[in-house]
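For reference, start07.tsv (TSV, C-alpha atoms and all ligand atoms):
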chain	number	residue	atom	x	y	z
A	1	MET	CA	-33.00	-5.18	-6.85
A	2	HIS	CA	-29.31	-5.56	-6.12
A	3	LEU	CA	-28.18	-7.30	-2.98
A	4	GLN	CA	-24.55	-7.66	-3.95
A	5	LYS	CA	-22.17	-4.76	-4.04
A	6	ARG	CA	-21.47	-3.59	-7.60
A	7	ILE	CA	-17.86	-2.66	-8.12
A	8	LEU	CA	-16.34	-0.95	-11.15
A	9	ILE	CA	-12.64	-1.56	-11.83
A	10	THR	CA	-11.15	0.67	-14.53
A	11	GLY	CA	-8.02	-0.81	-16.05
A	12	GLY	CA	-9.42	-4.15	-14.90
A	13	SER	CA	-7.70	-6.25	-17.55
A	14	GLY	CA	-4.23	-4.98	-16.67
A	15	PHE	CA	-1.67	-6.49	-14.34
A	16	LEU	CA	-3.05	-5.19	-11.01
A	17	GLY	CA	-6.65	-4.82	-12.23
A	18	SER	CA	-7.01	-8.49	-13.17
A	19	HIS	CA	-5.86	-9.61	-9.72
A	20	LEU	CA	-8.26	-7.13	-8.15
A	21	CYS	CA	-11.18	-8.46	-10.28
A	22	GLU	CA	-10.44	-11.97	-8.97
A	23	ARG	CA	-10.12	-10.84	-5.37
A	24	LEU	CA	-13.39	-8.89	-5.39
A	25	LEU	CA	-15.34	-11.63	-7.20
A	26	ALA	CA	-14.23	-13.94	-4.40
A	27	THR	CA	-15.96	-11.65	-1.88
A	28	GLY	CA	-19.29	-12.23	-3.65
A	29	ALA	CA	-19.43	-8.80	-5.31
A	30	GLU	CA	-20.54	-8.02	-8.85
A	31	VAL	CA	-17.50	-6.84	-10.77
A	32	ILE	CA	-17.56	-4.62	-13.84
A	33	CYS	CA	-14.18	-4.58	-15.56
A	34	LEU	CA	-13.73	-1.54	-17.79
A	35	ASP	CA	-10.73	-1.37	-20.10
A	36	ASN	CA	-9.69	-0.06	-23.51
A	37	PHE	CA	-7.05	-2.82	-23.85
A	38	PHE	CA	-4.21	-0.36	-24.41
A	39	THR	CA	-1.85	-2.36	-22.19
A	40	GLY	CA	-4.29	-4.86	-20.71
A	41	THR	CA	-5.14	-8.14	-22.42
A	42	ARG	CA	-8.11	-10.47	-22.54
A	43	ARG	CA	-5.70	-13.24	-21.54
A	44	ASN	CA	-5.49	-11.70	-18.03
A	45	ILE	CA	-9.24	-12.01	-17.42
A	46	GLU	CA	-10.20	-14.81	-19.82
A	47	HIS	CA	-10.82	-17.19	-16.92
A	48	LEU	CA	-13.38	-14.75	-15.44
A	49	ILE	CA	-15.44	-14.24	-18.60
A	50	GLY	CA	-18.66	-16.22	-18.32
A	51	GLN	CA	-18.89	-15.98	-14.52
A	52	THR	CA	-22.33	-14.59	-13.69
A	53	ARG	CA	-21.09	-11.77	-11.47
A	54	PHE	CA	-18.40	-10.63	-13.94
A	55	GLU	CA	-18.92	-8.15	-16.77
A	56	LEU	CA	-16.42	-6.74	-19.25
A	57	ILE	CA	-16.85	-3.34	-20.92
A	58	ARG	CA	-14.50	-2.09	-23.62
A	59	HIS	CA	-14.33	1.66	-22.99
A	60	ASP	CA	-11.84	4.51	-22.73
A	61	VAL	CA	-12.10	6.37	-19.39
A	62	THR	CA	-11.39	9.69	-21.07
A	63	PHE	CA	-15.01	9.52	-22.30
A	64	PRO	CA	-18.04	9.71	-19.97
A	65	ILE	CA	-19.88	6.55	-18.98
A	66	TYR	CA	-23.15	6.07	-17.14
A	67	LEU	CA	-23.42	3.03	-14.87
A	68	GLU	CA	-25.03	2.22	-11.52
A	69	ILE	CA	-22.34	1.16	-9.07
A	70	ASP	CA	-21.42	1.24	-5.36
A	71	GLU	CA	-17.62	1.40	-5.54
A	72	ILE	CA	-14.99	2.41	-8.10
A	73	TYR	CA	-11.35	1.37	-8.21
A	74	ASN	CA	-9.76	3.73	-10.76
A	75	LEU	CA	-6.72	1.90	-12.11
A	76	ALA	CA	-6.88	2.82	-15.80
A	77	CYS	CA	-3.50	4.22	-16.87
A	78	PRO	CA	-0.47	2.68	-18.54
A	79	ALA	CA	2.08	2.17	-15.77
A	80	SER	CA	5.41	1.37	-17.36
A	81	PRO	CA	7.60	4.09	-18.91
A	82	VAL	CA	7.67	2.35	-22.33
A	83	HIS	CA	3.86	2.36	-22.43
A	84	TYR	CA	3.10	5.74	-20.90
A	85	GLN	CA	5.70	7.52	-23.06
A	86	HIS	CA	4.29	5.95	-26.26
A	87	ASP	CA	1.48	8.54	-26.37
A	88	PRO	CA	2.20	10.98	-23.54
A	89	VAL	CA	-0.75	13.28	-24.30
A	90	GLN	CA	-3.13	10.32	-24.03
A	91	THR	CA	-1.43	9.35	-20.73
A	92	THR	CA	-2.19	12.75	-19.20
A	93	LYS	CA	-5.75	12.62	-20.59
A	94	THR	CA	-6.25	9.17	-19.10
A	95	SER	CA	-5.22	10.35	-15.65
A	96	VAL	CA	-6.92	13.73	-15.70
A	97	HIS	CA	-10.06	13.29	-17.87
A	98	GLY	CA	-10.34	9.73	-16.56
A	99	ALA	CA	-10.34	10.99	-12.95
A	100	ILE	CA	-12.92	13.70	-13.78
A	101	ASN	CA	-15.26	11.18	-15.41
A	102	MET	CA	-14.92	8.62	-12.63
A	103	LEU	CA	-15.38	11.32	-9.97
A	104	GLY	CA	-18.44	12.59	-11.85
A	105	LEU	CA	-19.77	9.02	-11.91
A	106	ALA	CA	-19.06	8.62	-8.17
A	107	LYS	CA	-20.79	11.94	-7.48
A	108	ARG	CA	-23.94	10.94	-9.37
A	109	THR	CA	-24.15	7.42	-7.91
A	110	LYS	CA	-22.77	8.34	-4.43
A	111	ALA	CA	-20.20	5.60	-4.89
A	112	LYS	CA	-17.00	5.30	-2.88
A	113	ILE	CA	-13.98	5.83	-5.14
A	114	LEU	CA	-10.34	4.74	-4.88
A	115	GLN	CA	-7.55	6.18	-6.99
A	116	ALA	CA	-4.48	4.14	-7.92
A	117	SER	CA	-1.86	6.84	-7.45
A	118	THR	CA	1.82	6.18	-7.46
A	119	SER	CA	5.12	6.65	-5.69
A	120	GLU	CA	6.08	8.64	-8.82
A	121	VAL	CA	4.25	11.60	-7.28
A	122	TYR	CA	7.39	11.88	-5.10
A	123	GLY	CA	9.51	12.16	-8.29
A	124	ASP	CA	13.25	11.87	-7.60
A	125	PRO	CA	12.83	12.18	-3.85
A	126	SER	CA	15.16	14.00	-1.50
A	127	VAL	CA	13.57	12.35	1.55
A	128	HIS	CA	14.12	8.66	2.42
A	129	PRO	CA	12.07	6.62	2.93
A	130	GLN	CA	9.13	8.60	1.51
A	131	ASN	CA	6.22	9.34	3.82
A	132	GLU	CA	2.90	10.85	2.75
A	133	GLU	CA	3.83	14.29	4.12
A	134	TYR	CA	6.61	14.72	1.53
A	135	TRP	CA	5.45	16.85	-1.44
A	136	GLY	CA	7.85	15.41	-3.96
A	137	ASN	CA	10.48	16.52	-6.43
A	138	VAL	CA	8.95	16.20	-9.88
A	139	ASN	CA	10.18	17.60	-13.18
A	140	PRO	CA	7.06	19.15	-14.80
A	141	ILE	CA	8.39	19.02	-18.38
A	142	GLY	CA	10.42	15.80	-18.63
A	143	MET	CA	9.78	12.41	-20.24
A	144	ARG	CA	8.12	11.03	-17.09
A	145	SER	CA	5.99	14.13	-16.46
A	146	CYS	CA	2.91	12.94	-18.37
A	147	TYR	CA	2.63	10.12	-15.87
A	148	ASP	CA	3.83	11.87	-12.70
A	149	GLU	CA	1.97	15.14	-13.19
A	150	GLY	CA	-1.13	13.36	-14.52
A	151	LYS	CA	-1.26	11.31	-11.32
A	152	ARG	CA	-0.58	14.38	-9.17
A	153	CYS	CA	-3.44	16.24	-10.86
A	154	ALA	CA	-5.72	13.22	-10.35
A	155	GLU	CA	-4.93	13.40	-6.60
A	156	THR	CA	-5.80	17.13	-6.66
A	157	LEU	CA	-9.13	16.34	-8.31
A	158	PHE	CA	-9.91	13.64	-5.76
A	159	PHE	CA	-9.33	15.99	-2.84
A	160	ASP	CA	-11.23	18.87	-4.50
A	161	TYR	CA	-14.23	16.61	-5.20
A	162	ARG	CA	-14.13	15.64	-1.55
A	163	ARG	CA	-13.95	19.25	-0.34
A	164	GLN	CA	-16.46	20.57	-2.89
A	165	HIS	CA	-18.88	17.66	-3.29
A	166	LYS	CA	-18.28	15.58	-0.13
A	167	LEU	CA	-17.25	12.49	-2.09
A	168	ARG	CA	-16.01	9.43	-0.25
A	169	ILE	CA	-12.47	9.13	-1.64
A	170	LYS	CA	-9.42	6.91	-1.06
A	171	VAL	CA	-6.01	7.61	-2.57
A	172	ALA	CA	-3.41	4.83	-2.60
A	173	ARG	CA	0.19	5.67	-3.54
A	174	ILE	CA	1.37	2.39	-5.00
A	175	PHE	CA	5.09	1.56	-5.01
A	176	ASN	CA	6.84	-0.85	-7.42
A	177	THR	CA	4.80	-4.03	-7.63
A	178	TYR	CA	5.62	-7.30	-9.37
A	179	GLY	CA	4.12	-10.72	-9.93
A	180	PRO	CA	2.30	-12.93	-12.43
A	181	ARG	CA	0.63	-11.06	-15.37
A	182	MET	CA	3.26	-8.35	-15.58
A	183	HIS	CA	3.82	-7.61	-19.25
A	184	PRO	CA	6.83	-9.50	-20.64
A	185	ASN	CA	7.92	-6.57	-22.85
A	186	ASP	CA	7.02	-3.45	-20.92
A	187	GLY	CA	10.58	-2.73	-19.87
A	188	ARG	CA	10.10	-2.93	-16.12
A	189	VAL	CA	13.01	-4.34	-14.27
A	190	VAL	CA	11.56	-7.51	-12.70
A	191	SER	CA	9.95	-8.73	-15.94
A	192	ASN	CA	12.99	-7.71	-18.02
A	193	PHE	CA	15.46	-9.58	-15.81
A	194	ILE	CA	13.31	-12.72	-15.54
A	195	VAL	CA	12.58	-12.91	-19.27
A	196	GLN	CA	16.25	-12.25	-20.10
A	197	ALA	CA	17.39	-14.90	-17.61
A	198	LEU	CA	14.93	-17.50	-18.92
A	199	ARG	CA	15.97	-16.84	-22.53
A	200	GLY	CA	19.67	-16.85	-21.68
A	201	GLU	CA	20.00	-13.27	-22.95
A	202	ASP	CA	22.17	-10.58	-21.36
A	203	ILE	CA	20.73	-9.02	-18.19
A	204	THR	CA	20.52	-5.28	-18.85
A	205	ILE	CA	21.41	-3.17	-15.82
A	206	TYR	CA	20.93	0.55	-16.41
A	207	GLY	CA	23.77	2.55	-14.89
A	208	ASP	CA	26.02	0.89	-12.32
A	209	GLY	CA	23.12	-0.99	-10.69
A	210	SER	CA	23.55	0.65	-7.29
A	211	GLN	CA	20.14	2.36	-7.53
A	212	THR	CA	17.56	0.77	-5.23
A	213	ARG	CA	13.86	-0.05	-5.37
A	214	ALA	CA	11.50	-1.77	-2.93
A	215	PHE	CA	9.29	-4.38	-4.60
A	216	CYS	CA	5.87	-5.48	-3.36
A	217	TYR	CA	4.32	-8.79	-4.40
A	218	VAL	CA	0.99	-8.33	-6.19
A	219	ASP	CA	-1.15	-10.32	-3.68
A	220	ASP	CA	0.03	-8.11	-0.82
A	221	LEU	CA	-0.64	-4.98	-2.85
A	222	ILE	CA	-4.20	-6.03	-3.73
A	223	HIS	CA	-4.87	-6.83	-0.09
A	224	GLY	CA	-3.69	-3.29	0.77
A	225	LEU	CA	-5.99	-1.66	-1.82
A	226	VAL	CA	-9.05	-3.60	-0.65
A	227	SER	CA	-8.24	-2.82	3.00
A	228	LEU	CA	-8.06	0.88	2.13
A	229	MET	CA	-11.38	0.80	0.28
A	230	ASN	CA	-13.01	-0.83	3.32
A	231	THR	CA	-11.86	1.77	5.84
A	232	ASP	CA	-14.06	4.30	7.56
A	233	ASP	CA	-15.12	7.27	5.38
A	234	ARG	CA	-12.81	9.54	7.38
A	235	VAL	CA	-9.77	7.67	6.00
A	236	THR	CA	-8.94	9.22	2.64
A	237	GLY	CA	-5.19	8.76	2.30
A	238	PRO	CA	-3.03	9.49	0.48
A	239	ILE	CA	-1.51	6.35	1.86
A	240	ASN	CA	1.62	4.51	0.73
A	241	ILE	CA	1.13	0.87	-0.24
A	242	GLY	CA	4.32	-1.00	-0.94
A	243	ASN	CA	7.00	-3.18	0.54
A	244	PRO	CA	9.71	-1.28	2.41
A	245	ALA	CA	12.40	-3.98	1.87
A	246	ASP	CA	14.70	-2.49	-0.76
A	247	VAL	CA	17.35	-4.02	-3.01
A	248	SER	CA	19.84	-2.68	-5.54
A	249	MET	CA	19.37	-3.60	-9.20
A	250	LEU	CA	22.67	-5.54	-9.01
A	251	GLU	CA	21.34	-7.63	-6.11
A	252	LEU	CA	18.05	-8.19	-7.94
A	253	ALA	CA	19.89	-9.35	-11.07
A	254	SER	CA	22.01	-11.85	-9.16
A	255	THR	CA	18.98	-13.19	-7.22
A	256	ILE	CA	17.15	-13.82	-10.51
A	257	ILE	CA	20.21	-15.37	-12.19
A	258	ASN	CA	20.65	-17.75	-9.23
A	259	MET	CA	16.97	-18.68	-8.98
A	260	THR	CA	16.62	-19.44	-12.70
A	261	GLY	CA	20.01	-21.17	-12.89
A	262	SER	CA	20.64	-19.00	-15.94
A	263	SER	CA	23.89	-18.62	-17.83
A	264	SER	CA	23.03	-14.98	-18.67
A	265	LYS	CA	25.74	-12.34	-18.24
A	266	ILE	CA	25.19	-8.89	-16.76
A	267	VAL	CA	25.72	-5.92	-19.11
A	268	HIS	CA	25.51	-2.24	-18.19
A	269	LEU	CA	23.51	0.25	-20.32
A	270	PRO	CA	23.05	4.02	-19.84
A	271	LEU	CA	20.75	5.15	-17.04
A	272	PRO	CA	17.50	6.71	-18.40
A	273	ALA	CA	16.84	10.43	-17.75
A	274	ASP	CA	15.23	11.31	-14.39
A	275	ASP	CA	15.69	7.74	-13.10
A	276	PRO	CA	15.30	7.96	-9.29
A	277	ARG	CA	18.39	6.86	-7.32
A	278	GLN	CA	16.37	5.21	-4.61
A	279	ARG	CA	12.77	4.69	-3.69
A	280	ARG	CA	11.29	3.07	-0.60
A	281	PRO	CA	7.94	3.54	1.11
A	282	ASP	CA	7.43	4.55	4.70
A	283	ILE	CA	4.36	2.41	5.49
A	284	THR	CA	3.80	3.56	9.08
A	285	LYS	CA	0.44	5.07	8.06
A	286	ALA	CA	-0.75	1.90	6.29
A	287	LYS	CA	0.18	-0.20	9.32
A	288	LEU	CA	-1.69	2.15	11.61
A	289	GLU	CA	-4.79	2.97	9.55
A	290	LEU	CA	-5.24	-0.27	7.58
A	291	ALA	CA	-3.54	-2.75	9.92
A	292	TRP	CA	-1.79	-3.84	6.73
A	293	GLU	CA	1.75	-4.80	5.86
A	294	PRO	CA	3.24	-6.97	3.12
A	295	LYS	CA	3.84	-10.63	3.96
A	296	THR	CA	5.60	-12.03	0.90
A	297	GLN	CA	9.41	-12.21	0.89
A	298	LEU	CA	11.16	-11.18	-2.32
A	299	GLY	CA	12.52	-14.71	-2.98
A	300	GLU	CA	9.07	-16.27	-2.62
A	301	GLY	CA	7.39	-13.70	-4.90
A	302	ILE	CA	10.15	-13.89	-7.49
A	303	ALA	CA	9.83	-17.71	-7.56
A	304	ARG	CA	6.09	-17.43	-8.36
A	305	THR	CA	6.79	-14.78	-11.01
A	306	ILE	CA	9.48	-16.93	-12.63
A	307	ALA	CA	7.01	-19.84	-12.76
A	308	TYR	CA	4.46	-17.57	-14.51
A	309	PHE	CA	6.96	-16.38	-17.13
A	310	GLU	CA	8.29	-19.89	-17.77
A	311	LYS	CA	4.76	-20.98	-18.72
A	312	LEU	CA	4.02	-17.79	-20.68
A	313	LEU	CA	7.21	-17.96	-22.75
A	314	LYS	CA	6.38	-21.54	-23.75
A	315	GLU	CA	2.92	-20.44	-24.94
A	316	LEU	CA	4.08	-17.31	-26.80
A	317	PRO	CA	4.98	-17.68	-30.47
B	401	LIG	P1	-1.28	-2.06	-16.62
B	401	LIG	O1	-0.73	-1.28	-17.78
B	401	LIG	O2	-1.11	-3.53	-16.62
B	401	LIG	O3	-2.80	-1.74	-16.41
B	401	LIG	C1	-3.42	-0.55	-16.77
B	401	LIG	C2	-4.73	-0.89	-17.44
B	401	LIG	O4	-5.40	0.33	-17.80
B	401	LIG	C3	-4.56	-1.69	-18.73
B	401	LIG	O5	-5.42	-2.79	-18.74
B	401	LIG	C4	-4.91	-0.68	-19.83
B	401	LIG	O6	-5.39	-1.28	-21.00
B	401	LIG	C5	-5.92	0.20	-19.11
B	401	LIG	N1	-6.04	1.54	-19.67
B	401	LIG	C6	-5.05	2.40	-20.01
B	401	LIG	N2	-5.57	3.54	-20.50
B	401	LIG	C7	-6.92	3.41	-20.46
B	401	LIG	C8	-8.00	4.23	-20.83
B	401	LIG	N3	-7.81	5.46	-21.34
B	401	LIG	N4	-9.26	3.76	-20.65
B	401	LIG	C9	-9.47	2.53	-20.15
B	401	LIG	N5	-8.49	1.70	-19.77
B	401	LIG	C10	-7.23	2.13	-19.93
B	401	LIG	O7	-0.63	-1.43	-15.32
B	401	LIG	P2	-0.72	-1.89	-13.79
B	401	LIG	O8	0.65	-2.17	-13.35
B	401	LIG	O9	-1.77	-2.91	-13.61
B	401	LIG	O10	-1.18	-0.53	-13.11
B	401	LIG	C11	-2.52	-0.30	-12.68
B	401	LIG	C12	-2.60	1.06	-11.98
B	401	LIG	O11	-1.76	1.07	-10.85
B	401	LIG	C13	-2.17	2.22	-12.88
B	401	LIG	O12	-3.03	3.32	-12.63
B	401	LIG	C14	-0.78	2.52	-12.40
B	401	LIG	O13	-0.46	3.87	-12.60
B	401	LIG	C15	-0.87	2.16	-10.92
B	401	LIG	N6	0.46	1.81	-10.38
B	401	LIG	C16	1.07	0.61	-10.69
B	401	LIG	C17	2.32	0.32	-10.18
B	401	LIG	C18	3.03	-0.97	-10.48
B	401	LIG	O14	4.15	-1.17	-10.01
B	401	LIG	N7	2.46	-1.88	-11.22
B	401	LIG	C19	2.97	1.25	-9.35
B	401	LIG	C20	2.32	2.46	-9.09
B	401	LIG	C21	1.07	2.72	-9.58
B	402	LIG	N1	-19.76	11.71	-15.78
B	402	LIG	C1	-19.79	10.41	-16.19
B	402	LIG	N2	-20.74	9.58	-15.68
B	402	LIG	C2	-21.67	10.00	-14.77
B	402	LIG	C3	-21.61	11.35	-14.35
B	402	LIG	C4	-20.64	12.18	-14.87
B	402	LIG	O1	-18.98	9.97	-17.01
B	402	LIG	O2	-22.48	9.19	-14.34
B	402	LIG	C5	-18.72	12.59	-16.33
B	402	LIG	C6	-19.27	13.71	-17.18
B	402	LIG	O3	-18.61	13.65	-18.43
B	402	LIG	C7	-18.85	14.97	-16.47
B	402	LIG	C8	-17.75	14.54	-15.53
B	402	LIG	O4	-18.04	13.18	-15.23
B	402	LIG	O5	-18.34	15.91	-17.36
B	402	LIG	C9	-17.70	15.34	-14.25
B	402	LIG	O6	-18.96	15.28	-13.64
B	402	LIG	P1	-19.45	16.44	-12.69
B	402	LIG	O7	-20.83	16.11	-12.25
B	402	LIG	O8	-18.46	16.69	-11.64
B	402	LIG	O9	-19.39	17.71	-13.61
B	402	LIG	P2	-20.35	18.31	-14.72
B	402	LIG	O10	-21.28	17.24	-15.17
B	402	LIG	O11	-21.03	19.40	-14.02
B	402	LIG	O12	-19.40	18.75	-15.78
B	403	LIG	N1	16.24	-1.07	-14.85
B	403	LIG	C1	17.37	-1.80	-15.20
B	403	LIG	N2	17.28	-2.68	-16.23
B	403	LIG	C2	16.15	-2.90	-16.92
B	403	LIG	C3	14.99	-2.17	-16.56
B	403	LIG	C4	15.07	-1.26	-15.51
B	403	LIG	O1	18.43	-1.64	-14.58
B	403	LIG	O2	16.14	-3.73	-17.84
B	403	LIG	C5	16.32	-0.14	-13.71
B	403	LIG	C6	15.74	1.25	-13.97
B	403	LIG	O3	16.72	2.10	-14.55
B	403	LIG	C7	15.35	1.68	-12.57
B	403	LIG	C8	14.96	0.36	-11.89
B	403	LIG	O4	15.54	-0.68	-12.67
B	403	LIG	O5	16.47	2.22	-11.89
B	403	LIG	C9	13.45	0.15	-11.80
B	403	LIG	O6	12.91	0.35	-13.10
B	403	LIG	P1	11.38	0.14	-13.44
B	403	LIG	O7	11.16	0.67	-14.81
B	403	LIG	O8	10.98	-1.27	-13.17
B	403	LIG	O9	10.59	1.02	-12.37
B	403	LIG	P2	10.70	2.56	-11.92
B	403	LIG	O10	11.89	3.19	-12.55
B	403	LIG	O11	9.43	3.15	-12.35
B	403	LIG	O12	10.85	2.45	-10.45
Re-express the file's structure as structure tokens.
Amino acid sequence: MHLQKRILITGGSGFLGSHLCERLLATGAEVICLDNFFTGTRRNIEHLIGQTRFELIRHDVTFPIYLEIDEIYNLACPASPVHYQHDPVQTTKTSVHGAINMLGLAKRTKAKILQASTSEVYGDPSVHPQNEEYWGNVNPIGMRSCYDEGKRCAETLFFDYRRQHKLRIKVARIFNTYGPRMHPNDGRVVSNFIVQALRGEDITIYGDGSQTRAFCYVDDLIHGLVSLMNTDDRVTGPINIGNPADVSMLELASTIINMTGSSSKIVHLPLPADDPRQRRPDITKAKLELAWEPKTQLGEGIARTIAYFEKLLKELP
């Protein structure tokens, strides 16, 4: 007999997944972390291994799996361009076949299921800030398409399983998130700038640095995901989860240089193809339906992330 809730987290050893495992274990739930370790590492969840309510399964979500669970958080998918463009066909399979398998599992077990979607479904948006009504501006055949279109198709599957099979679904559109356990080499801007600043290397700004992003601290993001999962069954999303405070890449670089006291210089490199000019969530819906909004200021979150990378860089060979 199972008194505790059993929760499956796919991609549970990744950046967001590992924080989610911790958060849900703290609620008293049983947590099953499923991961193929493509971008996730054991290091992220090492401290959880051995806890009685924690279980780790090495598995690829593109293959079926039979488990008995009450809730699924489907996070499995490489998230940074360097990783998802490494094997783009596998990226699409992970989003699409992964969603089908997890939805099939939710259908059989009657579990509630949450999809980690992304602001990338809006592509290079022509509406600012983006609200959930906007359908997006996505290139279907570009370098980012395996990720963007894979995630869009996963959303389609979620809503069709709801319409066709009455599944209890939740779709979160996650905006740029940062914090401890980001990968040091995955090419994302916050980790790149911090690692470069700590090593005294040049800070690489792509383009003129006037493009903007809005960064959410990981703890706030996880709180948003859990709040969405715990809403009434009528709340399905899609719902934007992110921090609406935006900065330019130039401002971000100078904040990180100042906070690390680094002697690094800024250099400009070419802007990658299809790089969105600006991106910022409209979180009116999240405020209304989840009573959620981010609490962590950029400076505070960056300070904690710098502390994480300082320690990590000392430990790395
Ligand atoms: P991450 O790369 O750290 O985590 C993804 C995890 O999924 C890794 O542990 C990886 O090994 C695992 N994985 C990949 N393919 C798999 C497969 N086929 N089977 C099983 N496991 C697999 O990335 P993250 O930043 O933690 O992102 C988690 C989720 O949130 C992703 O779905 C991502 O698309 C979404 N997201 C993240 C952000 C962000 O800013 N971090 C923004 C938008 C959306
Ligand atoms: N599936 C799974 N675990 C389960 C149930 C289903 O991995 O507990 C997978 C299975 O591979 C199936 C997919 O989910 O192909 C979709 O399931 P669904 O019931 O929707 O479709 P069907 O089984 O009819 O193809
Ligand atoms: N970027 C940059 N220097 C870097 C890495 C990224 O200027 O070393 C820029 C990138 O071109 C983009 C922004 O920072 O305009 C955010 O990039 P990231 O890959 O973190 O996220 P995404 O493009 O998915 O929002």
query = Taking only C-alpha atoms and all ligand atoms into account, which of A:Leu48, A:Ala29, A:Ala197, A:Val89 comes nearest ligand LIG 401 (chain B)?
reply = A:Val89
query = If we count all atoms listed in the file, what is near stretch 153-168 of chain A at a cut-off of 8 Å, once residues fewer than 2 positions away on the same chain are taken out, given as JSON, numbers by chain?
reply = {"A": [95, 96, 99, 100, 103, 106, 107, 110, 111, 112, 113, 115, 117, 149, 150, 151, 170, 171, 233, 236]}
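Using all atoms listed in the file, the nearest neighbour of A:Gln130 within the list A:Phe175, A:Phe15, A:Trp292, A:Phe193 is A:Phe175.
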Write out, as a Markdown table, each residue of chain A that has an atom at most 8 Å from ligand LIG 401 (chain B), together with the closest pair of atoms and their distance in Å to one decimal, counting all atoms listed in the file, rows going by chain and rising number.
| residue | atom | partner | partner_atom | distance |
| --- | --- | --- | --- | --- |
| A:Thr10 | CA | B:LIG401 | N5 | 6.0 |
| A:Gly11 | CA | B:LIG401 | O4 | 3.4 |
| A:Gly12 | CA | B:LIG401 | O5 | 5.7 |
| A:Ser13 | CA | B:LIG401 | O5 | 4.3 |
| A:Gly14 | CA | B:LIG401 | O5 | 3.2 |
| A:Phe15 | CA | B:LIG401 | O9 | 3.7 |
| A:Leu16 | CA | B:LIG401 | O9 | 3.7 |
| A:Gly17 | CA | B:LIG401 | O9 | 5.4 |
| A:Ser18 | CA | B:LIG401 | O9 | 7.7 |
| A:Leu34 | CA | B:LIG401 | C9 | 6.3 |
| A:Asp35 | CA | B:LIG401 | N5 | 3.8 |
| A:Asn36 | CA | B:LIG401 | C9 | 4.2 |
| A:Phe37 | CA | B:LIG401 | O6 | 3.6 |
| A:Phe38 | CA | B:LIG401 | O6 | 3.7 |
| A:Thr39 | CA | B:LIG401 | O6 | 3.9 |
| A:Gly40 | CA | B:LIG401 | O5 | 3.1 |
| A:Thr41 | CA | B:LIG401 | O5 | 6.5 |
| A:Arg58 | CA | B:LIG401 | C9 | 7.7 |
| A:His59 | CA | B:LIG401 | C9 | 5.7 |
| A:Asp60 | CA | B:LIG401 | N4 | 3.4 |
| A:Val61 | CA | B:LIG401 | N4 | 4.1 |
| A:Thr62 | CA | B:LIG401 | N3 | 5.5 |
| A:Asn74 | CA | B:LIG401 | O12 | 7.0 |
| A:Leu75 | CA | B:LIG401 | O12 | 4.0 |
| A:Ala76 | CA | B:LIG401 | O4 | 3.5 |
| A:Cys77 | CA | B:LIG401 | C6 | 3.9 |
| A:Pro78 | CA | B:LIG401 | O1 | 4.0 |
| A:Ala79 | CA | B:LIG401 | O13 | 4.4 |
| A:Ser80 | CA | B:LIG401 | O1 | 6.7 |
| A:His83 | CA | B:LIG401 | O1 | 7.5 |
| A:Gln90 | CA | B:LIG401 | N3 | 7.3 |
| A:Thr91 | CA | B:LIG401 | N2 | 7.1 |
| A:Lys93 | CA | B:LIG401 | N3 | 7.5 |
| A:Thr94 | CA | B:LIG401 | N3 | 4.6 |
| A:Ser95 | CA | B:LIG401 | N3 | 7.9 |
| A:Gly98 | CA | B:LIG401 | N3 | 6.9 |
| A:Gln115 | CA | B:LIG401 | O12 | 7.8 |
| A:Ala116 | CA | B:LIG401 | O12 | 5.0 |
| A:Ser117 | CA | B:LIG401 | C21 | 5.5 |
| A:Thr118 | CA | B:LIG401 | C20 | 4.1 |
| A:Ser119 | CA | B:LIG401 | C20 | 6.1 |
| A:Glu120 | CA | B:LIG401 | C20 | 7.2 |
| A:Tyr147 | CA | B:LIG401 | O13 | 7.7 |
| A:Lys151 | CA | B:LIG401 | O13 | 7.6 |
| A:Arg173 | CA | B:LIG401 | C20 | 6.8 |
| A:Ile174 | CA | B:LIG401 | C20 | 4.2 |
| A:Phe175 | CA | B:LIG401 | C19 | 4.8 |
| A:Asn176 | CA | B:LIG401 | O14 | 3.7 |
| A:Thr177 | CA | B:LIG401 | O14 | 3.8 |
| A:Tyr178 | CA | B:LIG401 | O14 | 6.3 |
| A:Arg181 | CA | B:LIG401 | O2 | 7.8 |
| A:Met182 | CA | B:LIG401 | O2 | 6.6 |
| A:His183 | CA | B:LIG401 | O2 | 6.9 |
Might you pull out every residue within 9 Å of A:Met249, with all atoms listed in the file counted and same-chain residues fewer than 6 positions away left off, and present them as a short mmCIF file (atom, residue, chain, number, x, y, z; two decimals) with C-alpha atoms, in the frame of the given file?
data_model
loop_
_atom_site.label_atom_id
_atom_site.label_comp_id
_atom_site.auth_asym_id
_atom_site.auth_seq_id
_atom_site.Cartn_x
_atom_site.Cartn_y
_atom_site.Cartn_z
CA VAL A 189 13.01 -4.34 -14.27
CA ILE A 205 21.41 -3.17 -15.82
CA TYR A 206 20.93 0.55 -16.41
CA ASP A 208 26.02 0.89 -12.32
CA GLY A 209 23.12 -0.99 -10.69
CA SER A 210 23.55 0.65 -7.29
CA GLN A 211 20.14 2.36 -7.53
CA THR A 212 17.56 0.77 -5.23
CA ARG A 213 13.86 -0.05 -5.37
#
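Residue nearest ligand LIG 403 (chain B), chosen from A:Glu30, A:Glu55, A:Glu300, A:Asp275 and counting all atoms listed in the file: A:Asp275.
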key: Length of the atom CA of A:Asn101 to atom CA of A:Ala26 vector [Å]   = 27.4 Å
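Proximity ranking of A:Ala286, A:Ile222, A:Cys21, A:Ala273 relative to A:Arg144 places A:Ala273 first, based on all atoms listed in the file.
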